[in-house]
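**Student:** Structure incoming, see below.
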Amino acid sequence: MMDGFDMLLVASAVIAGAAPLVMATLGETLTERAGVVNLSLDGTIVLSAMAAFVVASLSGSLLAGFAVSAAVGACVAALVALFSVRLGMSQVAVGFVLTLMTRDLAYFLGSQYARTEGPISGSAPVPVLSGMPVLGQVLFNHSVPVYLSMIMVAFAWWYLYRTSWGLRLRCVGENMEAAYARGIDPDLVRVVYTVAGGALVGLSGAAFSLCTKPGWGQPQGCEGSGWIALALVIFGAWHPVRAALGAYLFAFLQVMSIHFQSWFPDVPAQVFQVAPFPLMIFLLAVSTLVHSEEAKMLAERHPLLRILTRGLAQAPPLSLGKARSRD
Amino acid sequence: AVAATKPYVFGLLLVGPYNDKGYSQAHYEGGRYVEKTVPGTKMIYIDKVNPSDRPGVTIVQLVDDMVEKGARLVIANSDDMKDGIREAARKHPNIHFVHVSGDDVLTGKAPSNLVNIFGRMEYGKMMAGFAAALTTKTGKIGYLGPLINEETRRLASAAYLGARYAWEKVIKRNPNDLTFQVTWIGFWFNIPGVTADPSQVAKNFYDSGFDVVISGIDTTEAVMVAKQKVNEGKKVWAIPYDYVGACEGGSSVCLGVPYFNWGPGYASLVKKSMSGHWKPEWIWLGPDWKDINNPATSTVGFMVGDALSQEARKALKDFIAGLASGKVQLFKGPLNFQDGRVFLKKGEVATDRQIWYLPMLLQGMKGASSQAK
Amino acid sequence: MTIALRSIHKHYGDIRANDGIDLVLRPSTVHGILGENGAGKSTLMKILSGYVRKTSGTILVDSEEVDFKNPAEAASHGIGMLYQDPLDFPPLTVLENFMAGQRMKAWPDRSLFRKRLAGLCREMGFDLDPETPVVRLTVGERQQLELARHLAAGRRVLILDEPTTGISSLQKDVLFSALRRLSSGGATVVLVSHKLEDVETLCDEVTVLKKGRVSGSAVRPFSTGALLEMMFGREPAPPLRKGHEPGAQALFLEGVHAHGGRTGLAQCTVKVNRGEVVGLAGLEGSGQDVFLRVAAGLTRPTRGRVHVSRKDMTGRDHHAFKTMGVAFQPAARLEEGLIAGLSVAEHCAILERSSFSLDLDASASLAQERIQSFQVAARPESPVESLSGGNQQRLLLSFLPDDPVLLLLENPTRGLDRESVRWVWERLDAIASNGAAIVFSSSEIDEILMVSDRVLVFFEGRIIHDVRPEDTDALMLGKAIAGRV
Amino acid sequence: MRTVFARMGRPLEMGLKTALAGVAEIAASVLVVVAFTTLVLLVAGAPPLDTFAVLVKGSLGSWSKLSHVIKVWIPLTLASCGLLFTFKAGLWNIGVEGQVMMGAVATTLAMRMGGPSPLAGMVTALALVAGMAGGALWALCAGFLKTKAGVHEIFAGLGLNFVSQGLVLWLIFGPWKQPGIASMSGTETFDERLWIPSIEALNLSPAALGMAVAAVIVTAYLLSSTRLGLYLRAVGGNEKAAVLFGLKPHAVMTAAMLCAGGLAGLAGAFQVSGVYHRLIPAISSGYGYLALLVVLLAYYNVWAAPVVAFFFACLNTGAIQLPMLLSLDSSLSGVIQGSMVIAALAVHSVSTRSRRSRG
Ligand SMILES: Nc1ncnc2c1ncn2[C@@H]1O[C@H](COP(=O)(O)OP(=O)(O)OP(=O)(O)O)[C@@H](O)[C@H]1O
Ligand SMILES: Nc1ncnc2c1ncn2[C@@H]1O[C@H](COP(=O)(O)OP(=O)(O)OP(=O)(O)O)[C@@H](O)[C@H]1O
Ligand SMILES: [Mg+2]
Ligand SMILES: [Mg+2]
């Protein structure tokens with residue numbers, strides 16, 4: 001039965017539902033553009049979601065909640081930066097341990113606030129624009145964090161590709177030695193953007209607990225999205241806009257799974273719920289395959305394929321995950 | 001005198017946090033009630049007893065620990081402790097066990113020291129459905145279901161019957177104008193990536209014209225989202241579940257809450273255990289029709305919420321009176337299953353077993369009835 | 001401006017890369033720095049450009065003492081360097097590379113920089129499209145880009161470390177004329193090279209380094225003999241090669257194209273017979289590396305066919321080639337050749353495919369044999385990363401199979417002193433005499449002339465020359481390498 | 001901590017100096033952890049000393065508690081041993097969690113097919129083997145995604161973890177649901193004869209214990225003194241060079257995945273046949289992820305892993321008492337374990353750095 005299904009509703013639900021994921025994805029994109037993999041996303045989001053909720057409900061101020069969540073995210077990221085950039089420890093190891101630890105820390109510190117009253121950031125339609133026929137409902141009838149997420153996408157692109165800081169950032173990500181030779185301090189840049197990216201990830205936590213999945217508990221409901229964000233960064237080929245599109249695609253799949261349930265009552269609900277995750281991985285596989293030598297050779301011959309490969313090709317920042325050797 | 005001697009310790013295993021404003025808190029306060037009302041008793045409890053919160057921890061292990069701490073009666077409050085508590089009961093034959101919501105005694109699997117107890121929540125759900133139907137403007141009621149099994153089918157159907165009664169008999173509307181949609185999230189609470197996100201489901205309900213959502217899950221997303229929608233200027237309502245205090249904070253949208261009050265039931269069991277009148281039984285306690293909200297006597301109640309209109313309150317009062325007097329019999333034929341098969345012939349009244357083991361949702365409800373084949 | 005270097009020292013552990021160097025660089029001159037591989041040229045220049053910190057010594061810029069902590073400080077004194085292997089950002093566009101590191105507004109006006117770049121290119125006779133990513137550029141073009149960038153940033157001292165490595169003769173001429181124009185404009189240009197030809201054509205003054213010290217200096221006009229004397233101490237050793245008579249066909253590449261390396265490989269058709277020793281000449285990364293990897297089955301050709309002992313092996317993997325008796329040894333020892341973390345003995349254990357359970361004592365004694373016969377300064381249990389460069393090379397050579405059909409060696413004697421080079425070649429020669437074909441690359445023309453039966457000269461990914469040593473000499477090869485046949 | 005164990009691997013370098021350095025490191029990391037944990041406790045408004053006391057009593061206080069510690073230790077150790085194989089080959093097998101689950105699923109399947117026949121012992125044994133197979137096959141999927149499609153094993157593994165969790169739930173609420181109501185409680189409990197035999201009095205299964213110990217010994221043997229171990233380290237050390245030495249890195253990686261998956265699967269099999277006696281939604285108990293921490297803290301050393309695993313098992317078990325006695329949340333154990341690893345890693349890298357700079 002198709003009732004209760006309306007493309008506009010789905011579209012606007014996707015925009016809203018994807019907001020936190022978009023923030024996290026953009027944050028990690030920045031970080032990885034500087035050559036650092038911050039694997040602690042999943043835990044960071046939970047911890048900052050908790051912090052945001054607690055602070056917001058104690059202070060009664062949403063703003064305070066978001067501020068604190070950003071700070072928390074930045075702190076965790078600072079740890080990653082300290083350990084991997086300064087001490088040259090394995091970024092993966094540090095990130096993974098922090099993922100588990102921050103999550104438990106959130107549950108431990110947040111336990112007495114579980115399922116308590118908390119403020120919610122309601123919708124704030126944009127005065128004139130929300131009146132527009134289609135776009136009005138889809139784009140301009142959301143809560144502030146959702147607008148923020150949409151603005152961030154554009155901003156991230158502009159920052160990366162149109163500002164001198166963005167250029168420096170990409171330089172460090174591509175070749176630390178060369179950046180150093182040009183008078184840029186790679187370690188500093190790496191630390192800065194790891195922390196900045198972490199702050200964005202923190203914001204996504206607040207977006208969960210104060211907006212898209214209001215409330216705090218164990219589980220909060222944002223668990224797992226950090227890992228998806230990490231996959232999306234690759235899927236998005238380290239390009240903010242492409243990564244964001246990936247986030248919207250994922251949100252779309254999740255929203256649709258609610259409708260699928262009533263369309264195919266015989267298929268157990270879990271199937272639709274789990275589907276998006278392997279699908280993401282599958283897409284990853286495709287885009288990596290497209291990048292392989294064989295694919296390149298094929299592309300040499302068929303112009304059509306070449307376009308496709310250009311579209312899907314992914315070129316990780318050359319210094320991604322590497323530590324810099326100083327003497 | 002009794003109190004002077006070593007206190008009678010009973011243990012409580014809670015599936016969720018003791019302060020979850022939901023299912024587990026209801027049990028926790030039931031335990032406290034026993035401590036208050038039965039002299040010489042002392043409760044020890046452990047909450048979040050579920051494998052995802054306590055990886056690797058088994059019921060048996062926790063029972064062992066409680067017995068070490070001197071417990072002589074152990075209450076397990078959740079369906080998912082079924083097998084664990086049975087195993088523990090076999091292991092500790094001279095300790096008394098209570099499994100809430102189970103049916104081991106019915107199925108004969110239970111050892112003699114194990115008792116099943118549950119509340120006739122279908123009455124509470126009927127009242128919930130009733131209130132929903134009187135309130136809805138769009139005639140579309142959403143039911144936020146957990147996973148599909150006899151219990152959840154039973155409760156969803158009860159809510160539907162209550163709603164249909166209000167719709168047809170009270171406000172005399174055309175039954176075809178009433179939509180009652182059940183959407184299952186796949187679990188008692190949200191597991192990211194595994195269950196549907198209750199917030200999303202509730203949002204989807206409200207966005208697609210459903211203005212009342214009845215929650216059948218352990219967590220309070222429905223109320224949360226309703227509040228969000230009200231802030232956005234929509235007129236929507238929600239009905240939480242399990243705990244008398246569940247409306248707190250959500251009062252602006254809460255039509256009321258069907259809740260459990262375990263105090264009396266537990267007290268009687270503890271007394272039996274203390275006085276040696278323990279016997280294996282399957283107890284299914286209903287509301288105290290004299291006053292369904294009497295904490296001392298009624299196991300199932302319905303706490304009206306601020307958002308329920310005055311006339312609706314009145315109608316609900318009469319409805320409850322009808323249920324009490326037996327004039328209103330909702331599990332009574334003619335009733336068909338979703339697929340058209342006959343559940344109850346005209347005039348036939350369902351037995352407890354028929355209600356307990358409801359195999360499918362009822363005709364007129366929308367949504368999946370059974371998971372896989 | 002004038003720059004004076006006083007007794008510069010740079011020590012890496014127990015290596016003395018620079019060991020007390022004195023040098024004066026004057027304005028409006030092109031100053032050449034000559035020296036063989038490992039003489040310490042790059043190190044000295046990196047110190048001058050602030051990229052590495054000196055161990056001791058003083059630098060005077062216009063008789064004011066300076067101590068550069070990082071390249072930025074050197075740049076602020078107007079000193080810029082083009083590094084031996086281009087230090088740029090391949091995935092970024094030409095324009096972005098041009099902008100990177102220059103002073104600019106928070107959100108710069110790209111069109112401004114585009115104009116500036118275009119202007120410089122016109123001036124210098126370069127031809128660069130601002131929007132192409134730098135990966136697609138040739139080494140020469142990347143150099144031109146760097147040069148333009150430094151000029152735009154207003155550098156008055158320009159250091160070029162082996163700028164003629166890997167660029168076409170045409171590009172070379174363009175570059176040199178540009179440099180001349182600069183120096184006549186009052187700039188100080190420093191040209192680092194170990195190619196006499198470059199220095200002789202361009203420089204006004206030359207300083208020669210040897211083993212980290214200044215071994216002499218000269219001004220125009222230069223005497224080639226004298227310079228060689230200062231560089232090597234003696235004339236290059238005479239060839240020790242005993243000719244082998246070619247046997248059956250070992251390797252046949254048929255119109256092979258392949259990706260990889262700096263330049264890839266194009267239009268390559270070559271036959272190599274057993275018993276032949278073939279030297280691959282050419283500037284580093286002109287296609288020799290790809291050639292060897294294609295012949296070893298490590299890189300798949302995009303077009304053409306590969307035959308080993310008359311068997312078509314196109315598209316087969318390295319293991320198939322191995323079973324055909326092909327052995328390959330890379331130049332990057334620790335990166336590609338040896339397994340850091342494993343001991344010498346364990347390396348041997350991998351090679352002998354015997355029982356499932358390891359007999360470490362057996363492989364230890366085996367390792368001992370190899371170590372002795374190849375004079376490796378190591379113990380069986382010492383991890384390979386703790387061996388010295390030269391010893392790592394010896395160890396690698398000791399892993400060669402006993403009776404191969406085809407040996408593919410990339411810079412087999414890099415990092416070895418002249419005596420060890422000789423010694424190694426005697427052994428390889430013996431293997432060739434037993435009927436193995438040996439194909440090796442080397443950056444030392446002398447070595448190639450010394451040991452090869454045949455020389456293939458690579459340029460920009462193509463074989464532009466196929467001669468017997470007796471029909472050529474160092475000078476001709478040098479020209480060919482620089483793309484002038 | 002790491003150096004000491006690292007040296008164990010290379011006795012010839014085991015000088016007094018390094019030993020002292022190692023001890024100093026352990027001391028330092030423990031100090032950091034205690035400090036951090038105390039801070040957390042104070043923030044949460046809990047009495048640190050009592051908390052630590054509860055953790056110790058709660059895990060080693062009585063035999064029944066110790067026996068539960070062992071029940072946690074067994075699967076944790078099995079999974080950790082598995083991870084050693086993949087780590088040696090330079091793989092981050094984060095999919096171990098899913099491999100544990102699929103081991104459990106396969107075991108359940110086998111037991112359902114076998115049923116409580118007179119030769120139940122046989123069925124149980126076969127079920128355990130099936131568990132290993134299930135885990136190994138699941139690991140193979142991640143392996144192929146890595147080697148054939150070039151998907152990084154971390155993401156391949158994570159995706160598969162989600163899939164396996166969904167599969168487990170679907171089985172429990174779908175095909176394998178209990179007669180009567182499908183229940184979060186899991187599938188029907190197996191007949192007692194199918195359980196791994198255990199001594200009632202001690203609440204301890206010698207068979208399972210033996211399994212774990214054997215796994216440690218076999219792993220140690222395979223890694224240190226067989227060709228397999230050597231090849232794993234070679235590929236992990238330098239893939240390119242390994243090719244030149246005639247190895248097939250992809251084949252070796254796949255082998256590593258198979259070993260890891262097999263042992264993880266065995267862990268899952270034990271969860272089913274030895275702990276829960278049925279398939280439950282959270283059957284893996286998060287031991288896969290925890291095992292990753294174990295191996296990191298043990299610095300990839302075979303002999304250190306079981307020790308660390310025991311320590312972690314104690315924390316997990318002891319933490320159950322926190323809510324009962326101090327009404328603190330049990331997730332504290334996770335906090336301690338995490339900070340433990342971080343501290344150890346940090347202290348180690350700092351000390352090595354300072355040593356290097358001292359020359
Ligand atoms: N980062 C380093 N670490 C250790 N040793 C180094 C390092 N850089 C250079 N060396 C050593 O210092 C010596 C001089 O190196 P340098 O690169 O200056 O020689 P070069 O004259 O530039 O040689 P080439 O002509 O091959 O470029 C060599 O022995 C080299 O091995
Ligand atoms: N990573 C390392 N660990 C331990 N010792 C090392 C390491 N690297 C180099 N050494 C030691 O330092 C010394 C210098 O090494 P290096 O490679 O500079 O020698 P070298 O002068 O280049 O000799 P060769 O001429 O054979 O290359 C050697 O004795 C070597 O054993
Ligand atoms: Mg050099
Ligand atoms: Mg050397």
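Ordering of the structure tokens sets the chain letters (A, B, ...), residue numbers begin anew at 1 in every chain, and ligands are numbered from 1 in the order given.
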Looking only at the backbone, which of the residues in region 360-463 of chain C does DSSP tag as strand (DSSP E or B), as JSON, numbers by chain?

**Tutor:** {"C": [383, 406, 407, 408, 409, 410, 437, 438, 439, 440, 441, 454, 455, 456, 457, 458, 459, 462, 463]}

**Student:** Would you name the residues within 10 Å of ligand 4, counting only C-alpha atoms and all ligand atoms, and put them as JSON, numbers by chain?

**Tutor:** {"C": [15, 38, 387, 388, 389, 390, 391, 392, 393, 414, 415, 416, 417]}

**Student:** For those residues, write all heavy atoms to a file as an mmCIF file, in the first residue's frame.

**Tutor:**
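Generated file (again.cif):
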```
data_model
loop_
_atom_site.group_PDB
_atom_site.id
_atom_site.type_symbol
_atom_site.label_atom_id
_atom_site.label_comp_id
_atom_site.auth_asym_id
_atom_site.auth_seq_id
_atom_site.Cartn_x
_atom_site.Cartn_y
_atom_site.Cartn_z
ATOM 1 N N ILE C 15 77.604 9.323 8.853
ATOM 2 C CA ILE C 15 77.933 9.804 7.502
ATOM 3 C C ILE C 15 78.207 11.296 7.580
ATOM 4 O O ILE C 15 77.435 12.033 8.177
ATOM 5 C CB ILE C 15 76.753 9.624 6.527
ATOM 6 C CG1 ILE C 15 76.086 8.291 6.750
ATOM 7 C CG2 ILE C 15 77.199 9.825 5.109
ATOM 8 C CD1 ILE C 15 74.809 8.170 5.966
ATOM 9 N N GLY C 38 76.631 11.326 -4.395
ATOM 10 C CA GLY C 38 76.950 11.204 -2.979
ATOM 11 C C GLY C 38 78.036 12.137 -2.509
ATOM 12 O O GLY C 38 78.511 12.027 -1.390
ATOM 13 N N LEU C 387 71.334 -2.921 8.484
ATOM 14 C CA LEU C 387 72.528 -3.009 7.647
ATOM 15 C C LEU C 387 72.780 -1.672 6.961
ATOM 16 O O LEU C 387 71.865 -0.899 6.731
ATOM 17 C CB LEU C 387 72.337 -4.084 6.570
ATOM 18 C CG LEU C 387 72.770 -5.492 6.920
ATOM 19 C CD1 LEU C 387 72.021 -5.965 8.136
ATOM 20 C CD2 LEU C 387 72.524 -6.418 5.749
ATOM 21 N N SER C 388 74.059 -1.428 6.622
ATOM 22 C CA SER C 388 74.366 -0.201 5.900
ATOM 23 C C SER C 388 73.901 -0.335 4.457
ATOM 24 O O SER C 388 73.685 -1.432 3.949
ATOM 25 C CB SER C 388 75.865 0.023 5.903
ATOM 26 O OG SER C 388 76.445 -0.743 4.873
ATOM 27 N N GLY C 389 73.756 0.805 3.816
ATOM 28 C CA GLY C 389 73.230 0.803 2.454
ATOM 29 C C GLY C 389 73.965 -0.195 1.575
ATOM 30 O O GLY C 389 73.350 -1.033 0.925
ATOM 31 N N GLY C 390 75.268 -0.111 1.605
ATOM 32 C CA GLY C 390 76.048 -0.980 0.741
ATOM 33 C C GLY C 390 75.854 -2.440 1.085
ATOM 34 O O GLY C 390 75.745 -3.296 0.217
ATOM 35 N N ASN C 391 75.783 -2.695 2.372
ATOM 36 C CA ASN C 391 75.619 -4.091 2.785
ATOM 37 C C ASN C 391 74.248 -4.611 2.418
ATOM 38 O O ASN C 391 74.104 -5.776 2.028
ATOM 39 C CB ASN C 391 75.860 -4.209 4.289
ATOM 40 C CG ASN C 391 77.336 -4.089 4.602
ATOM 41 O OD1 ASN C 391 78.145 -4.680 3.903
ATOM 42 N ND2 ASN C 391 77.675 -3.274 5.586
ATOM 43 N N GLN C 392 73.250 -3.735 2.499
ATOM 44 C CA GLN C 392 71.919 -4.144 2.032
ATOM 45 C C GLN C 392 72.019 -4.546 0.564
ATOM 46 O O GLN C 392 71.497 -5.591 0.153
ATOM 47 C CB GLN C 392 70.935 -2.994 2.196
ATOM 48 C CG GLN C 392 70.508 -2.764 3.630
ATOM 49 C CD GLN C 392 69.694 -1.495 3.779
ATOM 50 O OE1 GLN C 392 69.364 -0.837 2.795
ATOM 51 N NE2 GLN C 392 69.374 -1.154 4.999
ATOM 52 N N GLN C 393 72.778 -3.775 -0.226
ATOM 53 C CA GLN C 393 72.906 -4.086 -1.644
ATOM 54 C C GLN C 393 73.566 -5.444 -1.835
ATOM 55 O O GLN C 393 73.097 -6.284 -2.593
ATOM 56 C CB GLN C 393 73.731 -2.999 -2.328
ATOM 57 C CG GLN C 393 73.721 -3.095 -3.835
ATOM 58 C CD GLN C 393 72.328 -2.976 -4.392
ATOM 59 O OE1 GLN C 393 71.529 -2.157 -3.941
ATOM 60 N NE2 GLN C 393 71.998 -3.847 -5.332
ATOM 61 N N ARG C 414 74.431 0.726 -6.849
ATOM 62 C CA ARG C 414 74.258 2.033 -6.190
ATOM 63 C C ARG C 414 74.714 1.947 -4.741
ATOM 64 O O ARG C 414 74.451 0.969 -4.038
ATOM 65 C CB ARG C 414 72.810 2.461 -6.233
ATOM 66 C CG ARG C 414 72.552 3.698 -5.382
ATOM 67 C CD ARG C 414 71.107 4.048 -5.309
ATOM 68 N NE ARG C 414 70.611 4.563 -6.573
ATOM 69 C CZ ARG C 414 69.344 4.906 -6.757
ATOM 70 N NH1 ARG C 414 68.489 4.772 -5.793
ATOM 71 N NH2 ARG C 414 68.956 5.354 -7.932
ATOM 72 N N GLY C 415 75.460 2.940 -4.305
ATOM 73 C CA GLY C 415 75.884 2.993 -2.915
ATOM 74 C C GLY C 415 77.084 2.127 -2.628
ATOM 75 O O GLY C 415 77.497 2.011 -1.479
ATOM 76 N N LEU C 416 77.618 1.487 -3.654
ATOM 77 C CA LEU C 416 78.830 0.690 -3.430
ATOM 78 C C LEU C 416 80.050 1.499 -3.854
ATOM 79 O O LEU C 416 79.992 2.256 -4.826
ATOM 80 C CB LEU C 416 78.763 -0.590 -4.259
ATOM 81 C CG LEU C 416 77.655 -1.565 -3.924
ATOM 82 C CD1 LEU C 416 77.823 -2.838 -4.736
ATOM 83 C CD2 LEU C 416 77.655 -1.874 -2.442
ATOM 84 N N ASP C 417 81.141 1.319 -3.121
ATOM 85 C CA ASP C 417 82.358 2.009 -3.541
ATOM 86 C C ASP C 417 82.924 1.307 -4.779
ATOM 87 O O ASP C 417 82.545 0.199 -5.125
ATOM 88 C CB ASP C 417 83.371 1.990 -2.399
ATOM 89 C CG ASP C 417 83.600 0.580 -1.931
ATOM 90 O OD1 ASP C 417 84.134 -0.218 -2.727
ATOM 91 O OD2 ASP C 417 83.169 0.262 -0.797
#
```

**Student:** What does the list of residues within 8 Å of ligand 1 look like if you count only C-alpha atoms and all ligand atoms, written as a list in words?

**Tutor:**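 Checked against 8 Å with only C-alpha atoms and all ligand atoms; the hits are Asp327 of chain A; His11, Tyr12, Gly13, Ile15, Arg16, Ala17, Asn18, Gly35, Glu36, Asn37, Gly38, Ala39, Gly40, Lys41, Ser42, Thr43, Leu44, Gln84, Asp161, Glu162, Ser193, His194, Leu209, Lys211, Gly212 and Gly415 of chain C.
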
**Student:** Taking only C-alpha atoms into account, which residues of chain D are within 8 Å of chain B, as a VMD selection string?

**Tutor:** chain D and resid 64 68 72 162 165 to 166 173 to 175 180 to 186 189 275 to 276 281 to 286 317 320 323 to 324 330

**Student:** Using only C-alpha atoms, which chain C residues lie at most 12 Å away from chain D, written as a ChimeraX atom specification?

**Tutor:** /C:12-14,293,296-298,317-323,326-343,345-361,381-385,396,399-401,408

**Student:** Include C-alpha atoms and write out the residues we just selected as a PDB file, in the first residue's frame.

**Tutor:**
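File produced: result_36.pdb:
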```pdb
ATOM      1  CA  TYR C  12      73.883  12.058   9.323  1.00  0.00           C
ATOM      2  CA  GLY C  13      74.782   9.646  12.087  1.00  0.00           C
ATOM      3  CA  ASP C  14      78.265   8.583  11.086  1.00  0.00           C
ATOM      4  CA  ARG C 293      59.343  -4.115 -14.475  1.00  0.00           C
ATOM      5  CA  ALA C 296      59.866  -8.970 -14.924  1.00  0.00           C
ATOM      6  CA  GLY C 297      56.070  -9.255 -15.229  1.00  0.00           C
ATOM      7  CA  LEU C 298      55.549  -6.726 -12.439  1.00  0.00           C
ATOM      8  CA  ASP C 317      52.269 -12.343 -13.235  1.00  0.00           C
ATOM      9  CA  HIS C 318      55.755 -12.133 -11.778  1.00  0.00           C
ATOM     10  CA  HIS C 319      55.592 -15.675 -10.421  1.00  0.00           C
ATOM     11  CA  ALA C 320      55.134 -17.066 -13.918  1.00  0.00           C
ATOM     12  CA  PHE C 321      58.178 -15.078 -15.030  1.00  0.00           C
ATOM     13  CA  LYS C 322      60.123 -16.375 -12.025  1.00  0.00           C
ATOM     14  CA  THR C 323      59.463 -19.957 -13.023  1.00  0.00           C
ATOM     15  CA  VAL C 326      63.608 -14.385 -14.596  1.00  0.00           C
ATOM     16  CA  ALA C 327      64.925 -12.541 -11.536  1.00  0.00           C
ATOM     17  CA  PHE C 328      64.400  -8.865 -10.739  1.00  0.00           C
ATOM     18  CA  GLN C 329      66.091  -6.622  -8.206  1.00  0.00           C
ATOM     19  CA  PRO C 330      64.822  -3.090  -7.519  1.00  0.00           C
ATOM     20  CA  ALA C 331      66.914  -0.035  -6.744  1.00  0.00           C
ATOM     21  CA  ALA C 332      64.974   0.936  -3.636  1.00  0.00           C
ATOM     22  CA  ARG C 333      66.391  -1.715  -1.324  1.00  0.00           C
ATOM     23  CA  LEU C 334      64.399  -1.250   1.846  1.00  0.00           C
ATOM     24  CA  GLU C 335      61.292  -0.027   0.039  1.00  0.00           C
ATOM     25  CA  GLU C 336      60.986  -2.808  -2.525  1.00  0.00           C
ATOM     26  CA  GLY C 337      63.828  -5.281  -2.149  1.00  0.00           C
ATOM     27  CA  LEU C 338      64.092  -6.274   1.498  1.00  0.00           C
ATOM     28  CA  ILE C 339      61.540  -6.792   4.226  1.00  0.00           C
ATOM     29  CA  ALA C 340      62.179  -4.486   7.163  1.00  0.00           C
ATOM     30  CA  GLY C 341      61.602  -6.286  10.447  1.00  0.00           C
ATOM     31  CA  LEU C 342      62.812  -9.655   9.194  1.00  0.00           C
ATOM     32  CA  SER C 343      66.342 -10.883   9.871  1.00  0.00           C
ATOM     33  CA  ALA C 345      68.189 -15.612   8.216  1.00  0.00           C
ATOM     34  CA  GLU C 346      64.454 -15.204   7.852  1.00  0.00           C
ATOM     35  CA  HIS C 347      64.946 -13.780   4.376  1.00  0.00           C
ATOM     36  CA  CYS C 348      66.868 -16.915   3.482  1.00  0.00           C
ATOM     37  CA  ALA C 349      64.146 -19.070   5.059  1.00  0.00           C
ATOM     38  CA  ILE C 350      61.549 -17.547   2.728  1.00  0.00           C
ATOM     39  CA  LEU C 351      63.677 -18.400  -0.275  1.00  0.00           C
ATOM     40  CA  GLU C 352      64.082 -22.133   0.372  1.00  0.00           C
ATOM     41  CA  ARG C 353      60.612 -23.531   0.065  1.00  0.00           C
ATOM     42  CA  SER C 354      60.947 -26.636   2.234  1.00  0.00           C
ATOM     43  CA  SER C 355      58.926 -27.980   5.151  1.00  0.00           C
ATOM     44  CA  PHE C 356      55.940 -26.197   6.681  1.00  0.00           C
ATOM     45  CA  SER C 357      57.658 -25.837  10.018  1.00  0.00           C
ATOM     46  CA  LEU C 358      60.678 -23.551  10.052  1.00  0.00           C
ATOM     47  CA  ASP C 359      64.177 -24.776  10.801  1.00  0.00           C
ATOM     48  CA  LEU C 360      65.725 -21.455  11.751  1.00  0.00           C
ATOM     49  CA  ASP C 361      69.118 -23.001  12.549  1.00  0.00           C
ATOM     50  CA  GLU C 381      69.939 -12.688  13.112  1.00  0.00           C
ATOM     51  CA  SER C 382      70.475  -8.966  12.472  1.00  0.00           C
ATOM     52  CA  PRO C 383      67.390  -7.248  11.028  1.00  0.00           C
ATOM     53  CA  VAL C 384      68.010  -6.012   7.495  1.00  0.00           C
ATOM     54  CA  GLU C 385      67.123  -2.400   8.262  1.00  0.00           C
ATOM     55  CA  LEU C 396      70.221  -8.351  -2.123  1.00  0.00           C
ATOM     56  CA  PHE C 399      69.698 -13.645  -3.073  1.00  0.00           C
ATOM     57  CA  LEU C 400      70.086 -13.983  -6.865  1.00  0.00           C
ATOM     58  CA  PRO C 401      69.201 -17.463  -8.177  1.00  0.00           C
ATOM     59  CA  LEU C 408      66.940  -7.673 -14.382  1.00  0.00           C
TER      60      LEU C 408
END
```

**Student:** Which residues are close to Leu145 (chain D), i.e. within 10 Å by only C-alpha atoms, leaving aside same-chain residues fewer than 4 positions away? Reply as a list in words.

**Tutor:**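 With the cut-off at 10 Å, the set is Ile281, Phe282, Leu284 and Ala285 of chain A; Ala139, Leu140, Cys141, Ala149, Gly150, Val151, His152, Glu153, Phe155, Ala156 and Gly157 of chain D.
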
**Student:** Counting only C-alpha atoms, what is within 9 Å of Phe374 (chain C), bar same-chain residues fewer than 4 positions away, as a PyMOL selection string?

**Tutor:** chain C and resi 369-370+394-395+397-398+424
